[in-house]
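Asks: Sending over a structure as structure tokens; questions will come in a sec.
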Amino acid sequence: MSAAPQASAPAARRIEHGRDYLDGRGVLRLSADVVVVGSGASGAVVAAELAEAGQRVLVLEEGEHIPAEQLGRLRPSETVRRAWREAGMCFSVPVGDSPPINVMVGRCIGGSSVMTGGVCFRTPDEVLNEWVHEHGLVDLSPARMAPFFDEVERRSHVEVVPAELRSRSTMLYAEGARRLGYELVPNQRNTKDCCGCSRCNFGCPHQAKWSVDLTYLPRALAAGAEIFSDTAVERVLTYGEQAVGVRGRLLDAHGHRRRCFEVRAGRVVLACGGMHTPGLLFDSELDEGLPALGQGVTLHPSFRVMARFDQPVHGWRGALQSAHSHAFSHERITLMSVFVPAGVLAATLPGIGPLHARRAAAVPHLAVFGGMVHDDAGGRVHSRSALLGLGGLLARREPLVTYSLSERDRRAVSRLLRVLGETFFAAGAREVILPVLGGVPGAREGGITADQLRALDLDRIPARRLECASQHPLGSCRMGTAAEHSAVDPSGQLWGLRELFIVDGSILPSSLGVNPQISVMAMATRLAWQLRERPLPEL
């Protein structure tokens with residue numbers, strides 16, 4: 001087991017379960033200097049920094065608290081059911097020639113940080129420079145952001161994945177890449193003593209991934225912060241033009257909303273993520289004068305290709321995400337190694353009945369590689385009031401997200417799938433399985449040969465038939481210099497309302513083209529360091 005840092009101070013608080021307070025009478029009333037809504041990568045950072053600065057911090061998390069050692073013992077199906085929102089079945093609604101995108105978001109203490117593959121990229125300099133020159137955000141230059149990246153990487157133990165942790169799946173793909181003239185390079189991840197069991201997305205059994213539940217949240221607790229699980233915030237409370245707290249309901253063991261609670265705080269920090277932060281603002285009727293709220297969502301649409309080899313691969317033996325390539329970044333494509341537990345992979349194979357059984361039996365011979373598109377801002381989070389007349393949608397607890405691929409994104413998807421397939425064939429694959437629901441014309445039991453891939457016009461496959469996923473909803477409350485085209489100012493404060501700050505990935509002004517964990521945490525660090533110097537208003 002990795003020696004991940006834990007809070008050891010005798011005075012450190014424990015994480016409270018909101019469901020333990022269900023039997024009380026009336027409204028549960030709490031107070032703090034700062035209330036942080038969300039315990040993931042951004043909320044945990046802000047909570048730790050402000051608590052260590054002497055502020056009374058209260059963190060509210062809708063999901064349950066699953067201790068790391070317990071999470072690591074769960075079957076992947078149990079993890080998905082308990083720790084992912086909607087049991088991993090959140091989807092964006094496609095608009096035009098676009099796929100439905102499975103948007104996977106963590107719902108537990110530690111949020112999506114607990115469920116990532118651990119990949120840690122800094123925001124590319126060209127993206128930061130775009131934010132400076134095209135969005136007017138002069139404080140987000142590479143030089144000015146460097147100290148925040150340094151801090152997060154130090155706190156999170158970001159290290160290079162050693163070659164010995166590459167799975168056979170990744171090594172085969174790397175051989176194909178070399179034959180086609182490009183290379184894979186090692187990933188950096190927030191790990192220590194990783195043994196390569198390929199379970200990062202489902203809870204590390206060895207606590208080797210330094211997610212925020214093992215790093216920043218213990219710091220916050222040791223500094224006196226209070227953290228509550230099972231608390232669904234439903235509204236931001238305001239007085240005049242200032243945020244003064246939040247209101248919501250405690251959840252029981254079945255996720256049903258029960259007893260009301262109310263938190264009064266001098267400062268409100270939202271860290272609910274790219275889908276749920278704008279949803280909470282809409283529900284709180286704080287969207288007036290903010291035309292950009294909910295607009296401009298990017299998702300990094302991601303796809304994977306599977307390949308069958310004659311020899312056994314056993315691709316689950318190694319780090320889930322160990323290597324990547326930016327060889328096609330000029331085409332707005334990032335290639336990324338990936339493998340998931342065998343049972344999960346088998347469930348995604350084509351066919352039913354005997355066909356699926358034959359495919360599942362071949363899992364030891366499968367290799368997998370994936371990639372994502374550095375996408376245009378084609379998504380939108382909708383307010384529930386805008387859904388009048390759509391019947392059952394009004395009863396949704398999850399935000400409604402629509403998404404439209406731009407024309408150049410659609411071309412990039414076809415290019416990505418072709419590169420992945422051709423690289424596997426260069427490595428000696430017998431066949432590849434493209435992420436096309438229902439298969440492609442001429443496919444034998446879901447797989448195609450190299451000749452079939454060459455003859456296939458990928459642009460003619462309807463995008464709605466493509467299997468697509470995302471863990472990176474960004475940009476729905478983007479930062480800017482005016483309310484006409486953004487939701488928050490350069491300090492993260494919502495335009496038009498004092499003491500309401502947003503610190504999560506929703507404020508990033510554009511797509512990154514790389515995994516966003518470190519970008520989100522660095523931006524949260526920047527804002528937290530500003531907030532700890534900002535005088536607190538009196539309650």
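Following the order of the structure tokens, first chain is A, next is B, and so on, with residues numbered from 1 inside each chain and ligands from 1 in the order they appear.
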Which residues are near Asp489 (chain A)? Cut-off 9 Å, only C-alpha atoms, ignore same chain within fewer than 5 positions. Put them as a ChimeraX atom specification.

Replies: /A:478-483,494-495

Asks: Using only C-alpha atoms, which residues sit within 7 Å of Ser141 (chain A) once same-chain residues fewer than 4 positions away are excluded, as a VMD selection string?

Replies: chain A and resid 128 to 129 132 145

Asks: Quick one: everything within 10 Å of Ile507 (chain A), counting only C-alpha atoms, minus sequence neighbours fewer than 6 positions away in the same chain. Send it as number ranges by chain.

Replies: A: 273-274, 277, 474-480, 486-490, 492, 520, 523

Asks: For the selection you just gave me, I'd like the residues written to a file as a compact mmCIF listing (two decimals), in the first residue's frame, keeping N, CA and C atoms.

Replies:
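Output file part.txt follows:
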```
# COMPACT_ATOMS: atom_id res chain seq x y z
N GLY A 273 -18.68 21.44 -10.75
CA GLY A 273 -18.32 20.89 -12.05
C GLY A 273 -19.05 21.55 -13.20
N GLY A 274 -18.61 21.19 -14.40
CA GLY A 274 -19.07 21.86 -15.60
C GLY A 274 -20.53 21.70 -15.92
N THR A 277 -22.62 23.14 -11.76
CA THR A 277 -22.53 24.52 -11.29
C THR A 277 -23.50 25.43 -12.04
N LEU A 474 -16.29 21.14 -19.49
CA LEU A 474 -15.63 22.41 -19.17
C LEU A 474 -16.37 23.57 -19.81
N GLY A 475 -16.16 24.78 -19.26
CA GLY A 475 -16.49 26.01 -19.96
C GLY A 475 -17.88 26.56 -19.82
N SER A 476 -18.75 25.96 -19.02
CA SER A 476 -20.15 26.41 -18.96
C SER A 476 -20.34 27.68 -18.14
N CYS A 477 -19.35 28.08 -17.36
CA CYS A 477 -19.39 29.34 -16.60
C CYS A 477 -18.08 30.08 -16.84
N ARG A 478 -17.71 30.23 -18.08
CA ARG A 478 -16.35 30.61 -18.40
C ARG A 478 -15.96 31.98 -17.85
N MET A 479 -14.67 32.10 -17.60
CA MET A 479 -14.08 33.33 -17.07
C MET A 479 -13.87 34.32 -18.21
N GLY A 480 -14.04 35.60 -17.91
CA GLY A 480 -13.84 36.61 -18.94
C GLY A 480 -13.73 38.00 -18.32
N SER A 486 -19.17 36.18 -20.61
CA SER A 486 -18.63 35.26 -19.61
C SER A 486 -19.55 35.24 -18.40
N ALA A 487 -19.28 34.33 -17.48
CA ALA A 487 -20.10 34.22 -16.27
C ALA A 487 -19.39 34.73 -15.03
N VAL A 488 -18.05 34.63 -15.00
CA VAL A 488 -17.30 35.09 -13.83
C VAL A 488 -16.19 36.03 -14.29
N ASP A 489 -15.76 36.88 -13.36
CA ASP A 489 -14.67 37.80 -13.65
C ASP A 489 -13.33 37.11 -13.43
N PRO A 490 -12.20 37.75 -13.69
CA PRO A 490 -10.90 37.08 -13.55
C PRO A 490 -10.59 36.56 -12.14
N GLY A 492 -12.87 34.91 -10.45
CA GLY A 492 -13.79 33.80 -10.25
C GLY A 492 -15.12 34.20 -9.67
N VAL A 520 -7.50 22.30 -13.67
CA VAL A 520 -8.56 22.67 -12.72
C VAL A 520 -7.97 22.96 -11.34
N MET A 523 -5.90 26.28 -11.36
CA MET A 523 -6.77 27.45 -11.35
C MET A 523 -7.41 27.63 -9.98
```

Asks: Which residue is closest to Thr231 (chain A)? Choose from A:Ala346, A:Leu250, A:Ala522, A:Ala243 and count only C-alpha atoms.

Replies: A:Leu250

Asks: Can you pull out every residue from region 172-421 of chain A that DSSP, working from the backbone, puts in alpha helix (DSSP H), and format the result as an MDAnalysis selection string?

Replies: chainID A and resid 172:180 216:222 276:283 342:347 353:361 407:421

Asks: What does the file look like for those residues with N, CA and C atoms, as a short mmCIF file (atom, residue, chain, number, x, y, z; two decimals), in the first residue's frame?

Replies:
```cif
data_model
loop_
_atom_site.label_atom_id
_atom_site.label_comp_id
_atom_site.auth_asym_id
_atom_site.auth_seq_id
_atom_site.Cartn_x
_atom_site.Cartn_y
_atom_site.Cartn_z
N LEU A 172 2.20 -2.85 -27.76
CA LEU A 172 1.86 -3.21 -29.14
C LEU A 172 1.51 -1.98 -29.95
N TYR A 173 0.71 -1.10 -29.36
CA TYR A 173 0.34 0.12 -30.08
C TYR A 173 1.59 0.95 -30.36
N ALA A 174 2.48 1.04 -29.38
CA ALA A 174 3.70 1.82 -29.56
C ALA A 174 4.54 1.27 -30.71
N GLU A 175 4.57 -0.06 -30.86
CA GLU A 175 5.31 -0.66 -31.98
C GLU A 175 4.69 -0.26 -33.31
N GLY A 176 3.36 -0.29 -33.39
CA GLY A 176 2.70 0.15 -34.61
C GLY A 176 2.96 1.61 -34.90
N ALA A 177 2.96 2.45 -33.85
CA ALA A 177 3.24 3.87 -34.04
C ALA A 177 4.64 4.09 -34.61
N ARG A 178 5.61 3.38 -34.07
CA ARG A 178 6.99 3.52 -34.56
C ARG A 178 7.08 3.15 -36.05
N ARG A 179 6.36 2.09 -36.43
CA ARG A 179 6.39 1.67 -37.83
C ARG A 179 5.73 2.71 -38.75
N LEU A 180 4.84 3.51 -38.19
CA LEU A 180 4.19 4.55 -38.98
C LEU A 180 4.87 5.91 -38.83
N TYR A 216 -5.61 16.69 -0.35
CA TYR A 216 -6.12 18.00 0.05
C TYR A 216 -7.20 17.91 1.13
N LEU A 217 -8.12 16.95 1.04
CA LEU A 217 -9.19 16.89 2.05
C LEU A 217 -8.66 16.57 3.44
N PRO A 218 -7.69 15.64 3.60
CA PRO A 218 -7.11 15.47 4.94
C PRO A 218 -6.45 16.74 5.46
N ARG A 219 -5.83 17.51 4.58
CA ARG A 219 -5.26 18.80 5.01
C ARG A 219 -6.36 19.72 5.53
N ALA A 220 -7.45 19.78 4.81
CA ALA A 220 -8.56 20.65 5.22
C ALA A 220 -9.11 20.22 6.58
N LEU A 221 -9.30 18.91 6.77
CA LEU A 221 -9.81 18.41 8.05
C LEU A 221 -8.84 18.72 9.18
N ALA A 222 -7.55 18.51 8.93
CA ALA A 222 -6.56 18.78 9.97
C ALA A 222 -6.53 20.25 10.37
N HIS A 276 -23.01 20.81 -13.27
CA HIS A 276 -23.89 21.07 -12.13
C HIS A 276 -23.76 22.48 -11.56
N THR A 277 -22.62 23.14 -11.76
CA THR A 277 -22.53 24.52 -11.29
C THR A 277 -23.50 25.43 -12.04
N PRO A 278 -23.56 25.41 -13.39
CA PRO A 278 -24.56 26.25 -14.05
C PRO A 278 -25.99 25.83 -13.70
N GLY A 279 -26.20 24.52 -13.51
CA GLY A 279 -27.53 24.07 -13.12
C GLY A 279 -27.97 24.67 -11.80
N LEU A 280 -27.05 24.72 -10.82
CA LEU A 280 -27.39 25.32 -9.53
C LEU A 280 -27.65 26.81 -9.67
N LEU A 281 -26.88 27.49 -10.51
CA LEU A 281 -27.11 28.93 -10.71
C LEU A 281 -28.46 29.18 -11.37
N PHE A 282 -28.83 28.35 -12.34
CA PHE A 282 -30.15 28.49 -12.95
C PHE A 282 -31.25 28.26 -11.92
N ASP A 283 -31.11 27.20 -11.12
CA ASP A 283 -32.13 26.89 -10.11
C ASP A 283 -32.23 27.99 -9.06
N ALA A 342 -11.12 -6.33 -17.16
CA ALA A 342 -11.59 -7.23 -18.22
C ALA A 342 -13.11 -7.36 -18.26
N GLY A 343 -13.74 -7.41 -17.09
CA GLY A 343 -15.19 -7.54 -17.06
C GLY A 343 -15.90 -6.34 -17.67
N VAL A 344 -15.36 -5.14 -17.42
CA VAL A 344 -15.94 -3.93 -18.00
C VAL A 344 -15.72 -3.92 -19.51
N LEU A 345 -14.51 -4.28 -19.95
CA LEU A 345 -14.23 -4.31 -21.38
C LEU A 345 -15.14 -5.31 -22.09
N ALA A 346 -15.32 -6.48 -21.51
CA ALA A 346 -16.15 -7.51 -22.13
C ALA A 346 -17.59 -7.02 -22.32
N ALA A 347 -18.08 -6.26 -21.36
CA ALA A 347 -19.46 -5.77 -21.44
C ALA A 347 -19.68 -4.81 -22.59
N GLY A 353 -25.89 -12.73 -27.03
CA GLY A 353 -25.95 -14.18 -27.00
C GLY A 353 -24.62 -14.84 -27.33
N PRO A 354 -24.65 -15.87 -28.18
CA PRO A 354 -23.41 -16.60 -28.51
C PRO A 354 -22.33 -15.72 -29.11
N LEU A 355 -22.72 -14.73 -29.94
CA LEU A 355 -21.72 -13.85 -30.53
C LEU A 355 -20.98 -13.08 -29.45
N HIS A 356 -21.73 -12.54 -28.51
CA HIS A 356 -21.07 -11.79 -27.43
C HIS A 356 -20.21 -12.71 -26.58
N ALA A 357 -20.67 -13.91 -26.36
CA ALA A 357 -19.88 -14.86 -25.56
C ALA A 357 -18.55 -15.15 -26.25
N ARG A 358 -18.58 -15.31 -27.59
CA ARG A 358 -17.33 -15.56 -28.31
C ARG A 358 -16.41 -14.35 -28.20
N ARG A 359 -16.97 -13.17 -28.34
CA ARG A 359 -16.16 -11.96 -28.23
C ARG A 359 -15.56 -11.83 -26.84
N ALA A 360 -16.35 -12.06 -25.82
CA ALA A 360 -15.87 -11.93 -24.44
C ALA A 360 -14.75 -12.92 -24.15
N ALA A 361 -14.84 -14.09 -24.74
CA ALA A 361 -13.80 -15.09 -24.52
C ALA A 361 -12.46 -14.66 -25.11
N GLU A 407 -18.14 21.03 -37.73
CA GLU A 407 -17.73 20.27 -38.91
C GLU A 407 -16.28 19.81 -38.80
N ARG A 408 -15.41 20.67 -38.30
CA ARG A 408 -14.02 20.25 -38.21
C ARG A 408 -13.81 19.23 -37.10
N ASP A 409 -14.63 19.27 -36.05
CA ASP A 409 -14.56 18.23 -35.02
C ASP A 409 -14.98 16.88 -35.61
N ARG A 410 -16.03 16.91 -36.44
CA ARG A 410 -16.49 15.65 -37.04
C ARG A 410 -15.40 15.05 -37.92
N ARG A 411 -14.70 15.89 -38.67
CA ARG A 411 -13.60 15.39 -39.50
C ARG A 411 -12.47 14.84 -38.63
N ALA A 412 -12.21 15.50 -37.50
CA ALA A 412 -11.17 15.04 -36.59
C ALA A 412 -11.51 13.67 -36.00
N VAL A 413 -12.81 13.43 -35.76
CA VAL A 413 -13.22 12.12 -35.23
C VAL A 413 -12.88 11.02 -36.23
N SER A 414 -13.21 11.23 -37.49
CA SER A 414 -12.89 10.23 -38.51
C SER A 414 -11.39 10.00 -38.61
N ARG A 415 -10.64 11.07 -38.56
CA ARG A 415 -9.18 10.97 -38.62
C ARG A 415 -8.64 10.19 -37.42
N LEU A 416 -9.16 10.47 -36.25
CA LEU A 416 -8.73 9.78 -35.03
C LEU A 416 -8.97 8.28 -35.14
N LEU A 417 -10.16 7.89 -35.56
CA LEU A 417 -10.48 6.46 -35.65
C LEU A 417 -9.59 5.77 -36.68
N ARG A 418 -9.32 6.46 -37.79
CA ARG A 418 -8.46 5.85 -38.82
C ARG A 418 -7.03 5.67 -38.31
N VAL A 419 -6.51 6.70 -37.62
CA VAL A 419 -5.15 6.59 -37.09
C VAL A 419 -5.05 5.43 -36.10
N LEU A 420 -6.01 5.30 -35.21
CA LEU A 420 -5.97 4.22 -34.23
C LEU A 420 -6.01 2.86 -34.91
N GLY A 421 -6.91 2.71 -35.88
CA GLY A 421 -7.01 1.43 -36.57
C GLY A 421 -5.77 1.10 -37.36
#
```

Asks: List as CSV every residue of region 287-315 of chain A that is in contact with region 104-114 of chain A, defined as an atom at most 12 Å from one of its atoms (using only C-alpha atoms), together with the nearest atom pair and the distance in Å rounded to one decimal, sorted by chain and then rising number.

Replies:
```
residue,atom,partner,partner_atom,distance
A:Leu299,CA,A:Met104,CA,10.6
A:Pro301,CA,A:Met104,CA,11.7
A:Ser302,CA,A:Met104,CA,11.6
```

Asks: What's the 7 Å shell around region 86-92 of chain A, counting only C-alpha atoms, without same-chain residues fewer than 2 positions away, as a PyMOL selection string?

Replies: chain A and resi 80-82+84+94+100-104+401-403

Asks: Store the residues of this selection in a file with N, CA, C and O atoms, as a compact mmCIF listing (two decimals), in the first residue's frame.

Replies:
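Produced file selection_7.txt, reproduced below:
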```
# COMPACT_ATOMS: atom_id res chain seq x y z
N VAL A 80 -19.20 1.91 -10.00
CA VAL A 80 -20.00 2.71 -10.94
C VAL A 80 -21.34 3.07 -10.31
O VAL A 80 -21.79 4.22 -10.39
N ARG A 81 -21.98 2.11 -9.68
CA ARG A 81 -23.30 2.35 -9.12
C ARG A 81 -23.26 3.34 -7.95
O ARG A 81 -24.14 4.20 -7.82
N ARG A 82 -22.22 3.27 -7.14
CA ARG A 82 -22.18 4.09 -5.92
C ARG A 82 -21.44 5.42 -6.06
O ARG A 82 -21.77 6.38 -5.36
N TRP A 84 -20.30 6.99 -9.26
CA TRP A 84 -20.50 7.79 -10.47
C TRP A 84 -21.90 8.37 -10.47
O TRP A 84 -22.86 7.73 -10.01
N PRO A 94 -27.49 14.64 -28.40
CA PRO A 94 -26.84 15.10 -29.64
C PRO A 94 -27.71 16.05 -30.44
O PRO A 94 -28.92 15.88 -30.52
N PRO A 100 -24.31 10.83 -29.11
CA PRO A 100 -24.61 10.97 -27.68
C PRO A 100 -23.34 10.67 -26.90
O PRO A 100 -22.66 9.69 -27.19
N ILE A 101 -22.99 11.53 -25.97
CA ILE A 101 -21.71 11.39 -25.28
C ILE A 101 -21.96 11.00 -23.83
O ILE A 101 -22.68 11.68 -23.10
N ASN A 102 -21.37 9.89 -23.43
CA ASN A 102 -21.45 9.42 -22.05
C ASN A 102 -20.53 10.29 -21.19
O ASN A 102 -19.31 10.14 -21.26
N VAL A 103 -21.11 11.21 -20.42
CA VAL A 103 -20.32 12.13 -19.60
C VAL A 103 -20.23 11.55 -18.20
O VAL A 103 -21.21 11.55 -17.44
N MET A 104 -19.06 11.04 -17.86
CA MET A 104 -18.87 10.33 -16.60
C MET A 104 -18.31 11.29 -15.55
O MET A 104 -17.24 11.86 -15.74
N VAL A 401 -27.82 18.51 -20.90
CA VAL A 401 -26.70 19.02 -21.69
C VAL A 401 -26.91 18.61 -23.14
O VAL A 401 -27.10 17.42 -23.43
N THR A 402 -26.92 19.58 -24.04
CA THR A 402 -26.95 19.27 -25.46
C THR A 402 -25.56 19.54 -26.04
O THR A 402 -24.80 20.35 -25.52
N TYR A 403 -25.26 18.84 -27.14
CA TYR A 403 -23.92 18.97 -27.71
C TYR A 403 -23.96 18.76 -29.21
O TYR A 403 -24.59 17.83 -29.71
```
